[in-house]
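See structure below.
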Amino acid sequence: MKRYATMSRLYAPTLKENPVDADIASHRLLCRAGMIRKAASGLYTYLPLAWRSILKIEGIIRDEMEAIDCQEMLTPILTSAELWHQSGRWDVYGPELMRLTDRHDHEYALGPTHEETYVDLVRSELRSYKQLPVTLYHIQDKFRDERRPRFGLMRSREFIMKDAYSFCATQESLQQCYDDQKQAYANVARRCGIRALPVVADSGQIGGDTSVEFMALADAGEAELVYCDSCGYAADAEAATTRIAIENTTQTTLKKVHTPQCSTIDDLAAQLGVDALQTRKALALVAEDGRACVVFVPGMRTLNDVKASHVFGEYHMMDDEELTQFGLVKGFIGPINLPQDVHVYQDISLQDATTWICGANEVDYHLVGAVPGRDFELGEYVDVVSAQAGDGCPRCAASLKSARGIEISQVFQLGTKYSSAMGATFMDEDGTEKPFIMGCYGIGVSRTLAAVVEQHYDDHGIIWPISVAPYEVEVIALDTNDDVIWPQATAIAEKLTARGIEVIVDDRELRPGVKFNDADLMGFPYQVVCGKKALERGCVELKCRADGSRVEVALDAIVSELEQRIAHDKELLK
């Protein structure tokens with residue numbers, strides 16, 4: 001018969017103090033509860049309790065993948081540099097790619113993601129449209145040489161990820177795979193007890209045209225996102241479109257105003273006695289191709305670096321020397337009489353701006369009442385401004401809210417980005433060779449563990465959801481030498497174990513206070529406290545870690561009570 005675990009045999013060295021480098025709750029608590037240990041910068045060892053939770057998260061992922069006909073496999077962690085050269089990513093991925101050379105001077109990368117490996121695998125094996133679609137996945141360690149590893153498991157150099165790759169013959173087939181994965185990822189988050197929003201995302205170094213990431217809402221999240229309670233829209237601030245409130249002046253006659261020492265929007269609005277919403281800011285930059293560009297945005301906004309890079313490539317903001325070189329007046333740039341070799345853009349939020357307060361291209365002067373089309377010609381509209389709380393939702397115009405989020409998973413439609421580059425083709429129904437239409441889908445398994453803790457803790461420790469808890473019940477024997485307490489504690493543990501409930505018994509010869517503190521720190525969902533006084537009344541105390549409630553339950557009813565509670569908790573997470 002399966003035995004229950006005991007605290008005296010458990011390798012879970014707890015800490016009284018927080019690690020000095022632990023800045024967020026999950027890092028502090030997982031270390032203090034004896035679940036992870038730092039091995040080196042950005043590298044962590046998963047101790048037995050954390051590993052039990054990791055395996056449960058992986059089990060949930062496997063359930064969801066099997067439900068949509070994904071096939072699990074495993075590829076090498078090392079990937080040949082030759083494949084990365086074929087895809088074009090060897091030179092562009094950046095210093096986060098961990099590179100090494102073997103004794104034969106062959107170059108390799110420790111995989112941060114495995115598009116190249118999977119494309120290489122199938123390009124000589126999948127030959128016909130009749131074999132498609134196929135989705136393959138593995139759960140594996142990944143490596144990224146983070147410049148500054150931080151926040152424990154949130155941004156580490158080695159981490160556990162599930163990544164899947166779909167190969168399709170048509171865009172419609174890809175869309176179905178993408179939609180299936182997106183729903184499966186929503187299911188994984190829910191079953192792990194995580195409140196996550198699917199948000200429109202930037203595809204970053206993976207590439208592709210369509211991407212959604214699942215963000216676990218948490219104050220410790222590195223990503224800023226906006227969302228709408230009215231229609232459900234949500235997006236990463238780096239990718240979100242928005243409706244920005246723009247005000248127009250009542251003055252429509254062009255007037256040049258003396259604005260000495262007034263080079264900021266706040267100074268300008270104060271001097272003119274207007275709202276900053278009526279002003280337009282000019283941002284001068286040099287695009288990747290060397291073009292001098294001026295981008296006009298609402299006065300209280302600035303460029304979103306990710307959005308701007310999609311328009312201008314690896315751009316940089318002009319310094320004073322470059323401003324002079326291109327004939328631009330720092331702090332007073334406007335759309336009228338700009339040098340001819342300067343390319344003009346404006347953010348899409350200015351489409352409703354009928355009048356502008358803007359620079360006059362003259363030191364210490366601004367223009368009021370400038371009218372597009374009459375006084376100057378508009379440039380190209382681009383989406384380069386970050387969304388923020390209070391902006392209008394792009395779908396329904398309700399007010400957006402903002403939050404911070406932890407990215408736990410992301411889905412991408414890659415199209416033919418990798419298959420075309422690497423010559424991965426199949427014979428289509430019409431007899432022509434075509435590149436696979438691909439999708440890729442990743443879940444940060446170790447990051448999901450941290451995200452669970454970030455959403456489920458209090459001042460005393462972790463509060464595990466039942467689905468990913470290392471153990472479901474802890475039986476606490478207050479005196480292991482007592483000839484009543486100890487037999488009753490072990491009898492309860494044996495009965496629960498026989499019913500398929502995961503149990504750990506605190507059999508240590510320690511003060512009750514120490515046992516209670518450790519139980520709350522480790523966060524097992526239920527605690528059964530076996531003490532002399534309650535047992536004399538034929539009862540034990542049952543504590544629910546989630547809400548802190550305590551009730552006395554008769555000895556002959558404790559097993560059924562826990563069975564019902566655990567079944568109910570699991571049902572809520574289905």
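Ordering of the structure tokens sets the chain letters (A, B, ...), residue numbers begin anew at 1 in every chain, and ligands are numbered from 1 in the order given.
For range 342-484 of chain A, a DSSP pass over the backbone yields helix (DSSP H, G or I) at Ile348, Ser349, Leu350, Gln351, Asp352, Lys417, Tyr418, Ser419, Ser420, Ala421, Val445, Ser446, Arg447, Thr448, Leu449, Ala450, Ala451, Val452, Val453, Glu454 and Gln455 of chain A.
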Output file for the residues above (N, CA, C and O atoms, as a CSV table (one decimal), in the first residue's frame):
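Once written, again_32.csv looks like this:
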chain,number,residue,atom,x,y,z
A,348,ILE,N,-1.4,57.6,-34.8
A,348,ILE,CA,-2.8,57.4,-35.2
A,348,ILE,C,-3.8,58.1,-34.3
A,348,ILE,O,-4.9,58.4,-34.7
A,349,SER,N,-3.4,58.4,-33.1
A,349,SER,CA,-4.3,59.0,-32.1
A,349,SER,C,-4.6,60.5,-32.5
A,349,SER,O,-5.5,61.1,-32.0
A,350,LEU,N,-3.8,61.0,-33.4
A,350,LEU,CA,-3.9,62.4,-33.8
A,350,LEU,C,-4.9,62.6,-35.0
A,350,LEU,O,-5.0,63.7,-35.6
A,351,GLN,N,-5.5,61.4,-35.5
A,351,GLN,CA,-6.4,61.5,-36.6
A,351,GLN,C,-7.6,62.4,-36.4
A,351,GLN,O,-8.1,63.0,-37.3
A,352,ASP,N,-8.0,62.6,-35.1
A,352,ASP,CA,-9.1,63.4,-34.7
A,352,ASP,C,-8.7,64.8,-34.3
A,352,ASP,O,-9.5,65.6,-33.9
A,417,LYS,N,7.8,31.8,-41.9
A,417,LYS,CA,9.0,32.4,-41.6
A,417,LYS,C,10.2,31.4,-41.5
A,417,LYS,O,11.3,31.7,-42.1
A,418,TYR,N,10.0,30.3,-40.8
A,418,TYR,CA,11.1,29.4,-40.6
A,418,TYR,C,11.2,28.3,-41.8
A,418,TYR,O,12.2,28.0,-42.2
A,419,SER,N,10.0,27.9,-42.2
A,419,SER,CA,10.0,26.8,-43.2
A,419,SER,C,10.6,27.3,-44.5
A,419,SER,O,11.3,26.6,-45.2
A,420,SER,N,10.2,28.6,-44.9
A,420,SER,CA,10.8,29.1,-46.1
A,420,SER,C,12.3,29.3,-46.0
A,420,SER,O,13.1,28.9,-46.9
A,421,ALA,N,12.8,29.8,-44.9
A,421,ALA,CA,14.2,30.1,-44.7
A,421,ALA,C,15.0,28.8,-44.7
A,421,ALA,O,16.1,28.8,-45.2
A,445,VAL,N,6.9,26.5,-17.6
A,445,VAL,CA,6.5,25.7,-16.5
A,445,VAL,C,7.0,26.2,-15.2
A,445,VAL,O,6.2,26.3,-14.2
A,446,SER,N,8.3,26.4,-15.1
A,446,SER,CA,8.8,26.9,-13.8
A,446,SER,C,8.3,28.3,-13.5
A,446,SER,O,8.1,28.7,-12.3
A,447,ARG,N,8.1,29.1,-14.5
A,447,ARG,CA,7.5,30.5,-14.3
A,447,ARG,C,6.0,30.3,-13.8
A,447,ARG,O,5.6,31.2,-13.0
A,448,THR,N,5.3,29.3,-14.3
A,448,THR,CA,4.0,29.1,-13.9
A,448,THR,C,3.9,28.8,-12.4
A,448,THR,O,3.1,29.3,-11.6
A,449,LEU,N,4.9,28.0,-11.9
A,449,LEU,CA,5.0,27.7,-10.5
A,449,LEU,C,5.2,29.0,-9.7
A,449,LEU,O,4.5,29.2,-8.7
A,450,ALA,N,6.0,29.9,-10.1
A,450,ALA,CA,6.2,31.2,-9.5
A,450,ALA,C,5.0,32.0,-9.5
A,450,ALA,O,4.6,32.7,-8.5
A,451,ALA,N,4.3,32.0,-10.7
A,451,ALA,CA,3.1,32.8,-10.8
A,451,ALA,C,2.0,32.3,-9.9
A,451,ALA,O,1.2,33.1,-9.4
A,452,VAL,N,1.9,31.0,-9.7
A,452,VAL,CA,0.9,30.5,-8.7
A,452,VAL,C,1.1,31.1,-7.3
A,452,VAL,O,0.2,31.6,-6.7
A,453,VAL,N,2.4,31.1,-6.9
A,453,VAL,CA,2.7,31.6,-5.6
A,453,VAL,C,2.4,33.1,-5.5
A,453,VAL,O,1.9,33.6,-4.5
A,454,GLU,N,2.7,33.9,-6.6
A,454,GLU,CA,2.5,35.3,-6.6
A,454,GLU,C,1.0,35.6,-6.4
A,454,GLU,O,0.7,36.7,-5.9
A,455,GLN,N,0.1,34.7,-6.9
A,455,GLN,CA,-1.3,35.0,-6.7
A,455,GLN,C,-1.9,34.3,-5.5
A,455,GLN,O,-3.0,34.6,-5.1
### Query
Which polymer residues have any atom within 9 Å of an atom of Leu43 in chain A, counting only C-alpha atoms, with same-chain residues fewer than 3 positions away left out, as a ChimeraX atom specification?
/A:37-40,149,152-153,156-159
Dump N, CA, C and O atoms for the selected residues as a JSON list (two decimals), in the first residue's frame?
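Wrote selection-v7.json, looks like this:
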[["chain", "number", "residue", "atom", "x", "y", "z"],
["A", 37, "ARG", "N", 16.47, 26.28, -4.23],
["A", 37, "ARG", "CA", 17.73, 26.82, -3.74],
["A", 37, "ARG", "C", 18.50, 27.38, -4.92],
["A", 37, "ARG", "O", 18.54, 26.78, -6.01],
["A", 38, "LYS", "N", 19.12, 28.52, -4.71],
["A", 38, "LYS", "CA", 19.93, 29.14, -5.74],
["A", 38, "LYS", "C", 21.25, 28.39, -5.88],
["A", 38, "LYS", "O", 21.97, 28.19, -4.91],
["A", 39, "ALA", "N", 21.56, 27.98, -7.11],
["A", 39, "ALA", "CA", 22.82, 27.30, -7.38],
["A", 39, "ALA", "C", 23.89, 28.26, -7.87],
["A", 39, "ALA", "O", 25.07, 28.12, -7.57],
["A", 40, "ALA", "N", 23.47, 29.24, -8.65],
["A", 40, "ALA", "CA", 24.34, 30.30, -9.16],
["A", 40, "ALA", "C", 23.42, 31.38, -9.70],
["A", 40, "ALA", "O", 22.19, 31.23, -9.65],
["A", 149, "PRO", "N", 19.82, 38.35, -14.41],
["A", 149, "PRO", "CA", 18.81, 37.44, -13.87],
["A", 149, "PRO", "C", 18.25, 38.00, -12.56],
["A", 149, "PRO", "O", 18.99, 38.51, -11.72],
["A", 152, "GLY", "N", 14.05, 35.45, -8.94],
["A", 152, "GLY", "CA", 13.97, 34.00, -8.77],
["A", 152, "GLY", "C", 13.65, 33.29, -10.06],
["A", 152, "GLY", "O", 14.34, 33.44, -11.07],
["A", 153, "LEU", "N", 12.56, 32.51, -10.05],
["A", 153, "LEU", "CA", 12.18, 31.73, -11.22],
["A", 153, "LEU", "C", 11.58, 32.57, -12.33],
["A", 153, "LEU", "O", 11.39, 32.07, -13.45],
["A", 156, "SER", "N", 15.17, 33.70, -14.98],
["A", 156, "SER", "CA", 16.38, 32.92, -14.70],
["A", 156, "SER", "C", 17.06, 32.54, -16.01],
["A", 156, "SER", "O", 16.50, 32.70, -17.10],
["A", 157, "ARG", "N", 18.26, 32.03, -15.91],
["A", 157, "ARG", "CA", 19.01, 31.67, -17.11],
["A", 157, "ARG", "C", 18.70, 30.26, -17.59],
["A", 157, "ARG", "O", 18.86, 29.95, -18.77],
["A", 158, "GLU", "N", 18.30, 29.40, -16.68],
["A", 158, "GLU", "CA", 17.83, 28.07, -17.05],
["A", 158, "GLU", "C", 16.43, 27.92, -16.51],
["A", 158, "GLU", "O", 16.16, 28.25, -15.36],
["A", 159, "PHE", "N", 15.51, 27.42, -17.33],
["A", 159, "PHE", "CA", 14.12, 27.31, -16.91],
["A", 159, "PHE", "C", 13.46, 26.16, -17.65],
["A", 159, "PHE", "O", 14.00, 25.65, -18.65]]
### Query
With only C-alpha atoms as the atoms that count, which of A:Arg144, A:Met427, A:Val119, A:Glu82 lies nearest to Met98 in chain A?
A:Arg144
### Task
Could you check which of A:Gly221, A:Gly415, A:Gly111, A:Gly392 is closest to Ile24 in chain A, using only C-alpha atoms?
A:Gly221
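CA of Gly42 in chain A is positioned 26.0 Å from CA of Ala403 in chain A.
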### Distance query range 462-468 of chain A at most 10 Å, only C-alpha atoms, self and fewer than 3 positions along chain excluded, as a VMD selection string
chain A and resid 25 to 26 29 to 30 33 50 52 to 60 191 to 194 449 452 to 459 471 to 473 519 to 526 544 to 547 566 to 574
Keeping only N, CA and C atoms, take the residues you just selected and write them out as a short mmCIF file (atom, residue, chain, number, x, y, z; two decimals), in the first residue's frame.
data_model
loop_
_atom_site.label_atom_id
_atom_site.label_comp_id
_atom_site.auth_asym_id
_atom_site.auth_seq_id
_atom_site.Cartn_x
_atom_site.Cartn_y
_atom_site.Cartn_z
N ALA A 25 7.55 38.00 -3.83
CA ALA A 25 6.99 37.01 -2.90
C ALA A 25 7.34 35.58 -3.27
N SER A 26 7.21 35.23 -4.55
CA SER A 26 7.46 33.84 -4.94
C SER A 26 8.90 33.44 -4.67
N LEU A 29 9.27 33.14 -0.72
CA LEU A 29 8.54 32.04 -0.08
C LEU A 29 9.01 30.67 -0.56
N LEU A 30 9.31 30.54 -1.84
CA LEU A 30 9.81 29.25 -2.32
C LEU A 30 11.15 28.91 -1.69
N ALA A 33 10.40 28.27 2.24
CA ALA A 33 9.65 27.03 2.48
C ALA A 33 10.45 25.79 2.10
N ALA A 50 8.86 21.48 -4.38
CA ALA A 50 8.65 22.23 -5.61
C ALA A 50 8.55 21.27 -6.80
N ARG A 52 7.40 18.26 -6.88
CA ARG A 52 6.07 17.64 -6.91
C ARG A 52 5.07 18.58 -7.59
N SER A 53 5.16 19.88 -7.28
CA SER A 53 4.26 20.84 -7.92
C SER A 53 4.56 21.00 -9.40
N ILE A 54 5.85 21.01 -9.76
CA ILE A 54 6.22 21.09 -11.16
C ILE A 54 5.63 19.92 -11.95
N LEU A 55 5.73 18.72 -11.39
CA LEU A 55 5.19 17.54 -12.07
C LEU A 55 3.68 17.62 -12.23
N LYS A 56 3.00 18.24 -11.27
CA LYS A 56 1.55 18.40 -11.39
C LYS A 56 1.21 19.40 -12.49
N ILE A 57 1.97 20.48 -12.58
CA ILE A 57 1.76 21.45 -13.66
C ILE A 57 1.98 20.77 -15.00
N GLU A 58 3.06 20.01 -15.10
CA GLU A 58 3.33 19.29 -16.35
C GLU A 58 2.21 18.29 -16.67
N GLY A 59 1.67 17.65 -15.63
CA GLY A 59 0.57 16.71 -15.85
C GLY A 59 -0.66 17.40 -16.42
N ILE A 60 -0.96 18.59 -15.92
CA ILE A 60 -2.09 19.37 -16.45
C ILE A 60 -1.83 19.73 -17.91
N ARG A 191 -6.75 25.66 -14.52
CA ARG A 191 -6.59 24.44 -13.73
C ARG A 191 -5.45 24.57 -12.72
N CYS A 192 -4.49 25.44 -12.99
CA CYS A 192 -3.42 25.69 -12.02
C CYS A 192 -3.83 26.72 -10.96
N GLY A 193 -5.03 27.24 -11.08
CA GLY A 193 -5.51 28.22 -10.11
C GLY A 193 -5.02 29.63 -10.38
N ILE A 194 -4.64 29.91 -11.61
CA ILE A 194 -4.09 31.22 -11.97
C ILE A 194 -5.15 32.04 -12.69
N LEU A 449 4.92 28.00 -11.93
CA LEU A 449 5.03 27.71 -10.50
C LEU A 449 5.16 29.00 -9.70
N VAL A 452 1.86 31.01 -9.69
CA VAL A 452 0.88 30.49 -8.72
C VAL A 452 1.12 31.09 -7.35
N VAL A 453 2.38 31.09 -6.92
CA VAL A 453 2.70 31.63 -5.59
C VAL A 453 2.43 33.12 -5.52
N GLU A 454 2.74 33.86 -6.61
CA GLU A 454 2.50 35.30 -6.61
C GLU A 454 1.02 35.64 -6.44
N GLN A 455 0.15 34.75 -6.86
CA GLN A 455 -1.29 34.99 -6.71
C GLN A 455 -1.88 34.33 -5.47
N HIS A 456 -1.11 33.46 -4.81
CA HIS A 456 -1.67 32.69 -3.70
C HIS A 456 -0.70 32.67 -2.51
N TYR A 457 -0.72 33.73 -1.74
CA TYR A 457 0.10 33.77 -0.53
C TYR A 457 -0.47 34.80 0.43
N ASP A 458 -0.03 34.72 1.68
CA ASP A 458 -0.37 35.75 2.66
C ASP A 458 0.86 36.02 3.52
N ASP A 459 0.68 36.71 4.62
CA ASP A 459 1.83 37.05 5.46
C ASP A 459 2.51 35.84 6.08
N TYR A 471 1.47 18.47 -1.46
CA TYR A 471 0.61 17.50 -0.78
C TYR A 471 -0.73 18.18 -0.51
N GLU A 472 -1.79 17.39 -0.48
CA GLU A 472 -3.13 17.97 -0.29
C GLU A 472 -3.46 18.17 1.18
N VAL A 473 -2.94 17.30 2.03
CA VAL A 473 -3.27 17.35 3.46
C VAL A 473 -2.00 17.14 4.28
N ALA A 519 3.75 24.66 8.60
CA ALA A 519 2.58 24.23 7.82
C ALA A 519 2.03 25.41 7.01
N ASP A 520 1.93 26.57 7.64
CA ASP A 520 1.44 27.75 6.92
C ASP A 520 2.44 28.22 5.87
N LEU A 521 3.72 28.15 6.18
CA LEU A 521 4.74 28.57 5.23
C LEU A 521 4.72 27.70 3.98
N MET A 522 4.63 26.39 4.16
CA MET A 522 4.63 25.47 3.02
C MET A 522 3.29 25.46 2.30
N GLY A 523 2.24 25.80 2.98
CA GLY A 523 0.98 26.09 2.32
C GLY A 523 0.13 24.94 1.85
N PHE A 524 0.29 23.73 2.44
CA PHE A 524 -0.58 22.63 2.05
C PHE A 524 -2.04 23.02 2.28
N PRO A 525 -2.96 22.68 1.38
CA PRO A 525 -4.33 23.19 1.45
C PRO A 525 -5.07 22.90 2.75
N TYR A 526 -4.86 21.72 3.34
CA TYR A 526 -5.58 21.38 4.57
C TYR A 526 -4.62 20.85 5.63
N CYS A 544 -8.40 25.06 7.06
CA CYS A 544 -8.31 25.32 5.63
C CYS A 544 -7.31 26.45 5.43
N ARG A 545 -6.24 26.17 4.72
CA ARG A 545 -5.18 27.17 4.56
C ARG A 545 -5.66 28.37 3.74
N ALA A 546 -6.58 28.17 2.83
CA ALA A 546 -7.00 29.25 1.94
C ALA A 546 -7.68 30.39 2.67
N ASP A 547 -8.57 30.04 3.60
CA ASP A 547 -9.31 31.11 4.29
C ASP A 547 -9.00 31.17 5.79
N ILE A 566 -11.90 18.32 -0.86
CA ILE A 566 -10.90 18.24 -1.92
C ILE A 566 -11.57 18.05 -3.28
N ALA A 567 -12.61 17.21 -3.33
CA ALA A 567 -13.34 17.00 -4.58
C ALA A 567 -13.98 18.31 -5.04
N HIS A 568 -14.53 19.07 -4.10
CA HIS A 568 -15.13 20.36 -4.43
C HIS A 568 -14.07 21.33 -4.95
N ASP A 569 -12.93 21.38 -4.28
CA ASP A 569 -11.85 22.28 -4.72
C ASP A 569 -11.37 21.93 -6.13
N LYS A 570 -11.24 20.64 -6.38
CA LYS A 570 -10.78 20.21 -7.70
C LYS A 570 -11.82 20.52 -8.77
N GLU A 571 -13.08 20.38 -8.43
CA GLU A 571 -14.15 20.66 -9.38
C GLU A 571 -14.12 22.13 -9.81
N LEU A 572 -13.82 23.01 -8.86
CA LEU A 572 -13.77 24.44 -9.16
C LEU A 572 -12.65 24.78 -10.14
N LEU A 573 -11.61 23.95 -10.19
CA LEU A 573 -10.46 24.23 -11.05
C LEU A 573 -10.50 23.45 -12.37
N LYS A 574 -11.59 22.75 -12.63
CA LYS A 574 -11.68 21.99 -13.88
C LYS A 574 -11.87 22.94 -15.06
#
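The closest residue to Val342 in chain A, picked from A:Gln325, A:Thr242, A:Gln183, A:Gln140 and counting only C-alpha atoms, is A:Gln325.
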### Task
Going by DSSP on the backbone, which bits of range 274-481 of chain A are strand (DSSP E or B)? Write them as a VMD selection string, please.
chain A and resid 279 to 286 292 to 298 303 316 to 317 342 to 347 356 to 362 365 to 370 372 376 380 to 382 385 392 399 401 to 415 425 to 427 433 to 435 437 to 444 457 to 458 461 to 462 473 to 477
### Message
Could you list, as a ChimeraX atom specification, every residue within 6 Å of Trp356 in chain A, counting only C-alpha atoms and ignoring same-chain residues fewer than 2 positions away?
### Response
/A:358,369-370
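Proximity to Leu277 in chain A was assessed for A:Arg301, A:Arg3, A:His366, A:Arg291 counting only C-alpha atoms; the smallest distance is recorded for A:Arg301.
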### Task
Find the residues near Lys401 in chain A: any atom within 9 Å, counting only C-alpha atoms, skip ones fewer than 4 places away on the same chain, and give them as a PyMOL selection string.
chain A and resi 225-229+388-391
Output C-alpha atoms of each residue in that selection to a file, as an mmCIF file, in the first residue's frame.
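again27.cif written:
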data_model
loop_
_atom_site.group_PDB
_atom_site.id
_atom_site.type_symbol
_atom_site.label_atom_id
_atom_site.label_comp_id
_atom_site.auth_asym_id
_atom_site.auth_seq_id
_atom_site.Cartn_x
_atom_site.Cartn_y
_atom_site.Cartn_z
ATOM 1 C CA LEU A 225 -0.870 45.521 -19.714
ATOM 2 C CA VAL A 226 -4.204 47.201 -20.297
ATOM 3 C CA TYR A 227 -7.613 45.549 -20.275
ATOM 4 C CA CYS A 228 -11.290 46.334 -20.615
ATOM 5 C CA ASP A 229 -13.873 44.981 -18.183
ATOM 6 C CA GLN A 388 -2.475 53.449 -20.582
ATOM 7 C CA ALA A 389 -5.255 53.383 -18.006
ATOM 8 C CA GLY A 390 -8.065 55.796 -18.844
ATOM 9 C CA ASP A 391 -7.625 55.519 -22.616
#
Find the residues near Pro95 in chain A: any atom within 10 Å, counting only C-alpha atoms, skip ones fewer than 3 places away on the same chain, and give them as a compact mmCIF listing (two decimals) with N, CA, C and O atoms, in the first residue's frame.
# COMPACT_ATOMS: atom_id res chain seq x y z
N ASP A 91 22.81 35.44 -35.92
CA ASP A 91 23.42 36.75 -35.76
C ASP A 91 22.46 37.80 -35.21
O ASP A 91 22.89 38.90 -34.88
N VAL A 92 21.17 37.49 -35.15
CA VAL A 92 20.21 38.51 -34.73
C VAL A 92 19.56 38.22 -33.38
O VAL A 92 18.93 39.11 -32.81
N MET A 98 22.92 31.41 -25.65
CA MET A 98 24.11 30.82 -25.04
C MET A 98 24.80 29.91 -26.06
O MET A 98 24.27 28.88 -26.45
N ARG A 99 25.99 30.33 -26.50
CA ARG A 99 26.71 29.65 -27.56
C ARG A 99 27.92 28.91 -26.99
O ARG A 99 28.52 29.37 -26.02
N ARG A 144 18.64 30.95 -21.48
CA ARG A 144 18.80 32.31 -22.02
C ARG A 144 19.76 33.04 -21.11
O ARG A 144 19.55 33.10 -19.89
N ASP A 145 20.80 33.58 -21.69
CA ASP A 145 21.84 34.24 -20.90
C ASP A 145 21.40 35.66 -20.55
O ASP A 145 21.86 36.64 -21.13
N GLU A 146 20.47 35.73 -19.61
CA GLU A 146 19.93 37.02 -19.19
C GLU A 146 21.04 37.94 -18.71
O GLU A 146 21.93 37.52 -17.96
N ARG A 147 20.96 39.19 -19.14
CA ARG A 147 21.96 40.16 -18.70
C ARG A 147 21.92 40.33 -17.18
O ARG A 147 22.95 40.40 -16.52
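The spacing separating CA of Val368 in chain A from CA of Lys255 in chain A amounts to 5.2 Å.
For the choices A:Val553, A:Ala353, A:Ile36, A:Val134, the atom-to-atom distance to Pro372 in chain A is smallest for A:Ala353 when using only C-alpha atoms.
When only C-alpha atoms are used to measure the gap to Pro435 in chain A, the shortest distance among A:Val20, A:Val411, A:Ser41, A:Arg127 belongs to A:Arg127.
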